[in-house]
Each structure stands twice: as C-alpha cells, then as structure tokens.
Amino acid sequence: MADEKGSWKRFQRISFDSKTFSKRALRAENTTTRHAHKFVLNKLDSLRNVRQHVTIWLSIIGVLVAAVALQMLWYQQAYRTMAWKEGGTYAEAVLGPLSTLNPLYASTPAEMSAGKLIFSSLYTYDDTGHLSDDLATGLTVGQSGREYVITLRDDARWSDDVKLTAQDVVFTVDLMKSAEVRSTMFLSNSWSGISAEAMNDHTVKFTLPAQFAPFQHALTFAVLPKHILSDVAPGAIRQSAFSVSPVGSGPFTLRLLQNSPDGLHKIANLSASTNYYKGVPRLARFELHGYKDQEDMMRALATGEVNAAAGTSAQTSALPSTFVVKEYPVNSGVYALLNSDSPVLKELKIRQALQVGTDTKDLRKAVGYEVPDLHLPFVDGQLSGGGIPAAATYDEAKAGALLNEAGWTLNAGKQTRQNASGQPLELSVVTVKDPTYEKVLERLAGQWRKLGIKVNTEVKDPLNATQDFVQSTLQPRNFDVLLTELEIGADPDVFAYWHSSQASRLGRNFANYRSSLSDDALSSARARSEPALRNEKYKAFASQWLKDVPAIGLYQSVMQYVYRPSVIPDIRAGGVPTEADRYSNVRYWAAEQLPVYKTP
C-alpha cells in the first residue's frame, strides 16, 4: 500500500509543458505535408500525364467485358427456346348464337362447338379423321350385323363427380328418339327403330332393325347425364336449366354463360375439367364466343376480343399479317341443288345444260382462297380404285344446244331464251347469308345469264326469325335451285340426301331426286359391311347421279381458321370430317409460353 501511495504522489508531481508539445505537433505537421506532396500530389500530376493511356486501356477492357457478356448471352439463347405451358385462356369466335348448350338441340356452329367441348361420346374422330375410342373401349358386332355390344371405360365421370354408366347412354338414345323431346336427331329419323339396352354399368347393346354398315359413325352423339335430366319432363328439357347450365363429361366444364359487355353476343366461359378421363387439358380456360355474322367475328379478332376464329371465310385479307391463317378441308360439299319438281327443271335436258354450262373452276376463284374440286356426291378419297365416274366438261356451246333441243331458244335480241309460247326461261336461285356463298351465287348467276336464262337470286338469313328459312324455303322446296352445303361426313353414306324416301317435307333430299337405280345402290351400300362391295355400289350410284343431274357439285368445303401467334391450336393438317371435329386434340391447345433450355 505504501508503494502504491508513493507512485501516485510521483504522478501528481508531473508537469505539462505546452511549448514542447507545440514544437512536436509542428514537426508532425511538416512531416505529413511532405509525405502528402511526395506520395499523393506528385502522383496525381503523373496520372494527368498518362490519362490518355489509362482511358484507352479502360475502353479496351470495357469492350472485352461487353464482348464476353454478349457471347455468353448468345450462347445462352442458342440453348433456349420458347415452349407452350399449362394455363392461359383461349378465346375463340364461332358463327351463330349460343341459344342452347344442350347438344340435343344444337343447330349452329357455335352450339355444336360447345357440345364437343363440354360433352363426350362413345366414339370420336382422331387427328387422322378416323373413328377412335372415346367412352367406348371395345366393340363386338353380332353375326347378323344388327347387334353392336360396346364396352365403356370405367373411369369416366360427370363434372359433378358422379360416375358415367351405360344407363346414361341408353337414356340419351331414348331422348333422341322421343317425339316429345324433338331433338335434331328425331327430326332426321336417323335413330328410328334402333334400341339400346344396358347389360350392366359398363356394357351397352344396340339392336338395329336391319344391317347398317355406317352405324358406328352414328355413335359420335353426345352422352347426357340421366341423374340430372331423368326428373325433367321430356317436353320441358329444351327450356330446362340444363340448356344454360349443363353437366358434362368432356374436357371442359361450364363456369358461366354470359352476355358480352356490348350485349350483342353470348360467351360460354369454360374451365379445364380436373376429372376428365383422358387427362386435364393444357388450357386453364376456354372462351367460346358466338357471333351473328362474320363481320362481327373479324371485328373481334382485330380488336383482341378473341384470339382465334373458326369458319371465317375469305374476309381475313383485312387482318394484319401477324395473324396465322390456315385452311382445313372438311367432308362437306357446296352444291347447286336442282329441284326436280320445279316446272322448269323437270326437263332433263335443261338440267344437263346447266351442268355443262357451269364453269366450276371459275366459281372456285370466287371463293377467295383455294378449295378442292368436287363433282360427285362424295368428297375426294371416299371412292377408290378404277371406274370412278368423271365430271362433265364445261362447254358453253353444248349447253346452248341442249337448251335449243329442249325448246328454249334465244329471242330476236339474243338476250334471253323463251319457249314456243313466248314464256321466258327463268330460274329462282336461293342461298343462305354468307359472304362466300353470295360471291359464288353472283358468279354462277352470271354464267347462266350468258346462256340466255333469266336468273332471280335471293339470299336468306337462317338466323332471322321473320324469314323462317326452314319452314318457308327448305321444307316446301320453295326454289328452283338451292346453293348450299351438304355435310357428307367420314362415311360415304349419302342416303339422306339422295334416296327418294327422303324427298319429303321433313327429309333432306332437297332436290326431290327420285331414281330407282340410285335408290337400289344407296340401300344396298348401307346394308353391306364389305368395303369393296360398298365402294362399287357407290360408284354405280355416282354414275347414275351424274346422268340424272339432281345437283351440280361446285367445290369441297374448307374450314378457314385464324389465330394470333400467341396461341396454338392443335388441328390436324389433313382436314377434319366436320368443323366441330377440330377439337380432337383440344387437350394440347395452348395459350401461354415460357423459355426453356434445349435438351442435347
């Protein structure tokens, strides 16, 4: 303790000399200033002298760094590509109103399209245009050819998660046959006499009144849910809630049926079905817009309201070049149907004169895009082998000679033809409202007027209730010539259009064609299952058809499909049996992309 106290006393005696401290601080300042001039300021002066060299080197280094970065980016892009991914919304424009979503009453392209998206069927057409299993997994045909036993898949479910069974198939067939339901199938009598029986939950047996070779093609109808509609009176099904809020088993389910913001058309908003038996579609949503005419469809495409449109005809030339336009042949044909009961067209020579006096090559130019030739009651490829009858050659002079032979000669002014009593040769030609049909009608009328025929043309709007096209024009055959499309389908069975039994008010033989030879060929062809024999029967029918001239084939129908490059529809390049069959691969359609690395 004593030592510590002594140390503290010594520390207290230390004194502070301010002069000595000031001298030492001044020396430190001088030393710091000399070092700053020597190691900093003098070096800056040297840097100013070499700054040009530094700038050049820094620029070179910058260029090298940028080049390396660009090279890395280029190599990265070379190994990357854009791929379609799940999700997104596909908005498609289709012609016709969406008045109903019940496929029993589908009559417009929009309604038929909705049926394909929401409902499934026993069979469908694949991307090669051939029949393919849908709900069906197996088929056995009895020895008589009148019994078809079909096995159903066991993983199909309705959108409300109820299991789909054979009872649903039988229930649907009974609805199609019911006079109270009045479906489009009933009106065509295609299911008359056919019975369906559920042998168990996964087996259905169809019994036909007679052998019918194309029957399997009739099994592409939409299957409806018995557990939803069985409590609805048959006569009330059309007006039931099901028509605007259906339960289906197809790749998409209905979210909402709404009016467009402008109130001019309806939109079916669909979602990908999470329990679809073939797998969830790549698209998250599908919007189906039903427009009243093609002008509205073109406007919707141009404004971005939709990103695709089906059946747009030749109006796509006004769209920007960024749109993708593709044509797909369908198994349908555009014909000039000659009403054999017309006072003028009862005479064969007049029909023959119209046949050789029609330049179909020139008419196809009026379409605006390339369409295949068609001169038979079948599309190209449905008949095979040798002996296929050839079309009549265009010959204006021969047409005039035939008209002279029929007693219709040119008047003194050589402008129009008249018979011995002075009656002018006059034809009434009708078609439906469609930009392409109207162009073809105008061109056709011009050709026939050159022959000295007075041609009166009329365009009917099937969607205009005041015109009542079906009851006022089709059913009473109120025309001399009807320019229209006939849907032939995947099988060449054209019985409904040309057999004399269908030349009735409710039949579809709009030409009133009657021929015992043609009737025999058509009846025997559908009653035999041997492909070679059917082929020969149809050749015989086609030969007689060309001789009798109940119609003039103008061209094969083509579905024109337009879409933005931001979406991709997977439609087979070779064509589709009908426009609604474009959805065979709808599960793989896409509307969104993302960058991915390429695999080596």
# chains A, B, ... in the order shown; residues from 1 in each chain; ligands from 1
>>> residues_around(residues="region 181-184 of chain A", least_positions_apart="3", cutoff="9 Å", atoms="only C-alpha atoms", output="tab-separated table (two decimals) with C-alpha atoms, in the first residue's frame")
chain	number	residue	atom	x	y	z
A	103	PRO	CA	-76.44	-30.90	-77.72
A	104	LEU	CA	-79.89	-32.39	-78.42
A	105	TYR	CA	-80.85	-29.04	-79.92
A	106	ALA	CA	-77.53	-27.78	-81.30
A	107	SER	CA	-78.14	-26.19	-84.70
A	175	LEU	CA	-84.22	-38.87	-75.58
A	176	MET	CA	-83.05	-38.67	-79.20
A	177	LYS	CA	-85.87	-40.97	-80.28
A	178	SER	CA	-88.58	-39.21	-78.25
A	187	LEU	CA	-86.25	-34.82	-86.93
A	188	SER	CA	-83.79	-36.67	-89.18
A	189	ASN	CA	-85.26	-40.12	-88.30
A	233	ALA	CA	-90.42	-33.96	-68.40
A	234	PRO	CA	-89.30	-34.79	-71.97
A	235	GLY	CA	-91.23	-31.89	-73.41
A	236	ALA	CA	-89.61	-29.47	-70.95
A	237	ILE	CA	-85.96	-30.44	-71.48
A	238	ARG	CA	-85.33	-27.77	-74.08
>>> residues_around(residues="Glu111 (chain A)", least_positions_apart="5", cutoff="10 Å", atoms="only C-alpha atoms", output="NGL selection string")
:A and (94-103 or 105-106 or 116 or 268 or 288 or 290 or 580)
>>> write_last_selection(atoms="N, CA and C atoms", output="PDB file, in the first residue's frame")
ATOM      1  N   VAL A  94     -66.929 -18.151 -83.016  1.00  0.00           N
ATOM      2  CA  VAL A  94     -67.617 -19.113 -83.877  1.00  0.00           C
ATOM      3  C   VAL A  94     -68.926 -18.477 -84.328  1.00  0.00           C
ATOM      4  N   LEU A  95     -69.361 -18.858 -85.527  1.00  0.00           N
ATOM      5  CA  LEU A  95     -70.564 -18.275 -86.095  1.00  0.00           C
ATOM      6  C   LEU A  95     -71.816 -18.858 -85.457  1.00  0.00           C
ATOM      7  N   GLY A  96     -72.792 -18.004 -85.227  1.00  0.00           N
ATOM      8  CA  GLY A  96     -74.102 -18.455 -84.747  1.00  0.00           C
ATOM      9  C   GLY A  96     -74.321 -18.160 -83.280  1.00  0.00           C
ATOM     10  N   PRO A  97     -75.553 -17.999 -82.871  1.00  0.00           N
ATOM     11  CA  PRO A  97     -75.837 -17.720 -81.459  1.00  0.00           C
ATOM     12  C   PRO A  97     -75.658 -18.955 -80.590  1.00  0.00           C
ATOM     13  N   LEU A  98     -75.421 -18.716 -79.298  1.00  0.00           N
ATOM     14  CA  LEU A  98     -75.360 -19.779 -78.295  1.00  0.00           C
ATOM     15  C   LEU A  98     -76.688 -19.787 -77.546  1.00  0.00           C
ATOM     16  N   SER A  99     -77.738 -20.149 -78.253  1.00  0.00           N
ATOM     17  CA  SER A  99     -79.075 -20.138 -77.643  1.00  0.00           C
ATOM     18  C   SER A  99     -79.255 -21.284 -76.668  1.00  0.00           C
ATOM     19  N   THR A 100     -78.537 -22.398 -76.880  1.00  0.00           N
ATOM     20  CA  THR A 100     -78.641 -23.558 -76.001  1.00  0.00           C
ATOM     21  C   THR A 100     -77.288 -24.255 -75.929  1.00  0.00           C
ATOM     22  N   LEU A 101     -77.024 -24.864 -74.780  1.00  0.00           N
ATOM     23  CA  LEU A 101     -75.823 -25.679 -74.616  1.00  0.00           C
ATOM     24  C   LEU A 101     -76.183 -27.154 -74.517  1.00  0.00           C
ATOM     25  N   ASN A 102     -77.441 -27.474 -74.794  1.00  0.00           N
ATOM     26  CA  ASN A 102     -77.885 -28.863 -74.821  1.00  0.00           C
ATOM     27  C   ASN A 102     -77.651 -29.413 -76.223  1.00  0.00           C
ATOM     28  N   PRO A 103     -76.769 -30.409 -76.376  1.00  0.00           N
ATOM     29  CA  PRO A 103     -76.443 -30.903 -77.723  1.00  0.00           C
ATOM     30  C   PRO A 103     -77.619 -31.540 -78.450  1.00  0.00           C
ATOM     31  N   TYR A 105     -80.225 -30.097 -79.120  1.00  0.00           N
ATOM     32  CA  TYR A 105     -80.849 -29.039 -79.921  1.00  0.00           C
ATOM     33  C   TYR A 105     -79.816 -28.156 -80.632  1.00  0.00           C
ATOM     34  N   ALA A 106     -78.573 -28.584 -80.657  1.00  0.00           N
ATOM     35  CA  ALA A 106     -77.527 -27.784 -81.299  1.00  0.00           C
ATOM     36  C   ALA A 106     -77.818 -27.643 -82.795  1.00  0.00           C
ATOM     37  N   LYS A 116     -69.068 -30.268 -78.305  1.00  0.00           N
ATOM     38  CA  LYS A 116     -67.835 -31.052 -78.383  1.00  0.00           C
ATOM     39  C   LYS A 116     -66.913 -30.778 -77.199  1.00  0.00           C
ATOM     40  N   ALA A 268     -69.608 -18.484 -73.705  1.00  0.00           N
ATOM     41  CA  ALA A 268     -69.566 -19.646 -72.810  1.00  0.00           C
ATOM     42  C   ALA A 268     -68.174 -19.705 -72.199  1.00  0.00           C
ATOM     43  N   LEU A 288     -65.793 -19.465 -75.521  1.00  0.00           N
ATOM     44  CA  LEU A 288     -66.426 -19.673 -76.820  1.00  0.00           C
ATOM     45  C   LEU A 288     -67.394 -18.520 -77.063  1.00  0.00           C
ATOM     46  N   GLY A 290     -70.075 -16.679 -79.496  1.00  0.00           N
ATOM     47  CA  GLY A 290     -70.967 -16.917 -80.622  1.00  0.00           C
ATOM     48  C   GLY A 290     -71.417 -15.617 -81.265  1.00  0.00           C
ATOM     49  N   ALA A 580     -66.724 -28.953 -86.247  1.00  0.00           N
ATOM     50  CA  ALA A 580     -66.706 -29.186 -84.805  1.00  0.00           C
ATOM     51  C   ALA A 580     -65.689 -30.248 -84.411  1.00  0.00           C
TER      52      ALA A 580
END
>>> select_by_dssp(residues="region 112-265 of chain A", states="strand (DSSP E or B)", output="number ranges by chain")
A: 121, 123-125, 131-133, 136-141, 147-152, 157, 163, 195-200, 203-207, 222, 252-259
>>> select_by_dssp(residues="region 241-413 of chain A", states="helix (DSSP H, G or I)", output="PyMOL selection string")
chain A and resi 241-243+294-303+315-318+348-356+360-367+396-405
>>> residues_around(residues="Lys537 (chain A)", least_positions_apart="6", cutoff="10 Å", atoms="only C-alpha atoms", output="PDB file with N, CA and C atoms, in the first residue's frame")
ATOM      1  N   SER A 518     -80.697 -45.395-108.420  1.00  0.00           N
ATOM      2  CA  SER A 518     -79.937 -44.783-107.335  1.00  0.00           C
ATOM      3  C   SER A 518     -80.402 -45.301-105.982  1.00  0.00           C
ATOM      4  N   ASP A 520     -81.635 -48.230-105.257  1.00  0.00           N
ATOM      5  CA  ASP A 520     -81.109 -49.583-105.045  1.00  0.00           C
ATOM      6  C   ASP A 520     -79.641 -49.548-104.628  1.00  0.00           C
ATOM      7  N   ALA A 521     -78.865 -48.714-105.284  1.00  0.00           N
ATOM      8  CA  ALA A 521     -77.435 -48.636-104.968  1.00  0.00           C
ATOM      9  C   ALA A 521     -77.211 -48.091-103.563  1.00  0.00           C
ATOM     10  N   LEU A 522     -77.958 -47.066-103.204  1.00  0.00           N
ATOM     11  CA  LEU A 522     -77.795 -46.461-101.882  1.00  0.00           C
ATOM     12  C   LEU A 522     -78.238 -47.411-100.772  1.00  0.00           C
ATOM     13  N   SER A 523     -79.350 -48.091-100.992  1.00  0.00           N
ATOM     14  CA  SER A 523     -79.874 -49.004 -99.970  1.00  0.00           C
ATOM     15  C   SER A 523     -78.954 -50.203 -99.767  1.00  0.00           C
ATOM     16  N   SER A 524     -78.475 -50.782-100.843  1.00  0.00           N
ATOM     17  CA  SER A 524     -77.620 -51.961-100.719  1.00  0.00           C
ATOM     18  C   SER A 524     -76.243 -51.601-100.175  1.00  0.00           C
ATOM     19  N   ALA A 525     -75.740 -50.404-100.465  1.00  0.00           N
ATOM     20  CA  ALA A 525     -74.428 -49.991 -99.978  1.00  0.00           C
ATOM     21  C   ALA A 525     -74.407 -49.839 -98.459  1.00  0.00           C
ATOM     22  N   ARG A 526     -75.484 -49.342 -97.890  1.00  0.00           N
ATOM     23  CA  ARG A 526     -75.518 -49.170 -96.437  1.00  0.00           C
ATOM     24  C   ARG A 526     -75.894 -50.456 -95.715  1.00  0.00           C
ATOM     25  N   ARG A 528     -74.525 -53.462 -96.501  1.00  0.00           N
ATOM     26  CA  ARG A 528     -73.427 -54.421 -96.590  1.00  0.00           C
ATOM     27  C   ARG A 528     -72.205 -53.837 -95.884  1.00  0.00           C
ATOM     28  N   PRO A 531     -66.182 -53.450 -97.434  1.00  0.00           N
ATOM     29  CA  PRO A 531     -65.747 -52.165 -98.003  1.00  0.00           C
ATOM     30  C   PRO A 531     -65.685 -52.171 -99.527  1.00  0.00           C
TER      31      PRO A 531
END
>>> residues_around(residues="region 154-164 of chain A", least_positions_apart="6", cutoff="6 Å", atoms="only C-alpha atoms", output="number ranges by chain")
A: 247-249, 277
>>> write_last_selection(atoms="N, CA and C atoms", output="compact mmCIF listing (two decimals), in the first residue's frame")
# COMPACT_ATOMS: atom_id res chain seq x y z
N VAL A 247 -74.32 -30.21 -67.23
CA VAL A 247 -73.33 -31.06 -66.58
C VAL A 247 -72.83 -32.02 -67.65
N GLY A 248 -71.54 -32.00 -67.94
CA GLY A 248 -70.99 -32.84 -68.99
C GLY A 248 -69.86 -33.72 -68.49
N SER A 249 -69.26 -34.47 -69.42
CA SER A 249 -68.14 -35.34 -69.09
C SER A 249 -66.97 -35.12 -70.04
N TYR A 277 -61.26 -38.00 -68.03
CA TYR A 277 -60.61 -39.30 -68.03
C TYR A 277 -59.39 -39.40 -68.94
>>> closest_residue(among="A:Lys433, A:Arg364, A:Arg282, A:Arg449", to="Glu396 (chain A)", atoms="only C-alpha atoms")
A:Arg449
>>> residues_around(residues="Val455 (chain A)", least_positions_apart="4", cutoff="12 Å", atoms="only C-alpha atoms", output="NGL selection string")
:A and (416-417 or 424-430 or 441-451 or 479-481)
>>> write_last_selection(atoms="C-alpha atoms", output="PDB file, in the first residue's frame")
ATOM      1  CA  THR A 416     -82.948 -14.373-123.176  1.00  0.00           C
ATOM      2  CA  ARG A 417     -84.469 -17.726-124.057  1.00  0.00           C
ATOM      3  CA  PRO A 424     -89.055 -16.762-120.744  1.00  0.00           C
ATOM      4  CA  LEU A 425     -86.689 -19.340-119.303  1.00  0.00           C
ATOM      5  CA  GLU A 426     -86.494 -18.196-115.687  1.00  0.00           C
ATOM      6  CA  LEU A 427     -84.869 -19.688-112.574  1.00  0.00           C
ATOM      7  CA  SER A 428     -85.110 -18.766-108.906  1.00  0.00           C
ATOM      8  CA  VAL A 429     -81.768 -19.384-107.159  1.00  0.00           C
ATOM      9  CA  VAL A 430     -81.600 -19.196-103.352  1.00  0.00           C
ATOM     10  CA  LEU A 441     -74.043 -17.135-106.344  1.00  0.00           C
ATOM     11  CA  GLU A 442     -73.299 -13.905-108.190  1.00  0.00           C
ATOM     12  CA  ARG A 443     -70.694 -15.622-110.381  1.00  0.00           C
ATOM     13  CA  LEU A 444     -72.992 -18.612-111.040  1.00  0.00           C
ATOM     14  CA  ALA A 445     -75.916 -16.370-111.978  1.00  0.00           C
ATOM     15  CA  GLY A 446     -73.647 -14.516-114.411  1.00  0.00           C
ATOM     16  CA  GLN A 447     -72.665 -17.752-116.150  1.00  0.00           C
ATOM     17  CA  TRP A 448     -76.274 -18.883-116.537  1.00  0.00           C
ATOM     18  CA  ARG A 449     -77.393 -15.467-117.777  1.00  0.00           C
ATOM     19  CA  LYS A 450     -74.830 -15.774-120.565  1.00  0.00           C
ATOM     20  CA  LEU A 451     -76.782 -18.857-121.654  1.00  0.00           C
ATOM     21  CA  PHE A 479     -86.835 -22.647-105.027  1.00  0.00           C
ATOM     22  CA  ASP A 480     -85.674 -23.841-108.427  1.00  0.00           C
ATOM     23  CA  VAL A 481     -82.026 -24.015-107.383  1.00  0.00           C
TER      24      VAL A 481
END
>>> residues_around(residues="Ala366 (chain A)", least_positions_apart="6", cutoff="12 Å", atoms="only C-alpha atoms", output="number ranges by chain")
A: 313-314, 359-360, 435-444, 554-555
>>> residues_around(residues="region 139-146 of chain A", least_positions_apart="2", cutoff="7 Å", atoms="only C-alpha atoms", output="count of residues only")
9
>>> atom_distance(atom1="CA of Phe171 (chain A)", atom2="CA of Ser584 (chain A)")
25.0 Å
>>> closest_residue(among="A:Glu92, A:Asp373, A:Asp491, A:Asp168", to="Ser113 (chain A)", atoms="only C-alpha atoms")
A:Glu92
>>> closest_atom_pairs(of="region 503-590 of chain A", to="region 334-343 of chain A", cutoff="8 Å", atoms="only C-alpha atoms", output="Markdown table")
| residue | atom | partner | partner_atom | distance |
| --- | --- | --- | --- | --- |
| A:Phe510 | CA | A:Asn339 | CA | 7.1 |
| A:Ala511 | CA | A:Asn339 | CA | 4.3 |
| A:Asn512 | CA | A:Ser340 | CA | 5.6 |
| A:Tyr513 | CA | A:Ser340 | CA | 6.1 |
| A:Val549 | CA | A:Leu338 | CA | 7.7 |
| A:Pro550 | CA | A:Leu338 | CA | 5.3 |
| A:Ala551 | CA | A:Leu337 | CA | 4.3 |
| A:Ile552 | CA | A:Ala336 | CA | 5.1 |
| A:Gly553 | CA | A:Tyr335 | CA | 4.6 |
| A:Leu554 | CA | A:Tyr335 | CA | 5.4 |
| A:Tyr555 | CA | A:Val334 | CA | 5.6 |
| A:Gln556 | CA | A:Val334 | CA | 6.1 |
| A:Ser557 | CA | A:Val334 | CA | 6.3 |
>>> closest_residue(among="A:Met297, A:Leu131, A:Ala308, A:Ala198", to="Ser566 (chain A)", atoms="only C-alpha atoms")
A:Ala308
>>> closest_residue(among="A:Lys85, A:Arg508, A:His499, A:Lys205", to="Val470 (chain A)", atoms="only C-alpha atoms")
A:Arg508
>>> closest_residue(among="A:Ile61, A:Ala222, A:Ala114, A:Leu70", to="Leu257 (chain A)", atoms="only C-alpha atoms")
A:Ala114
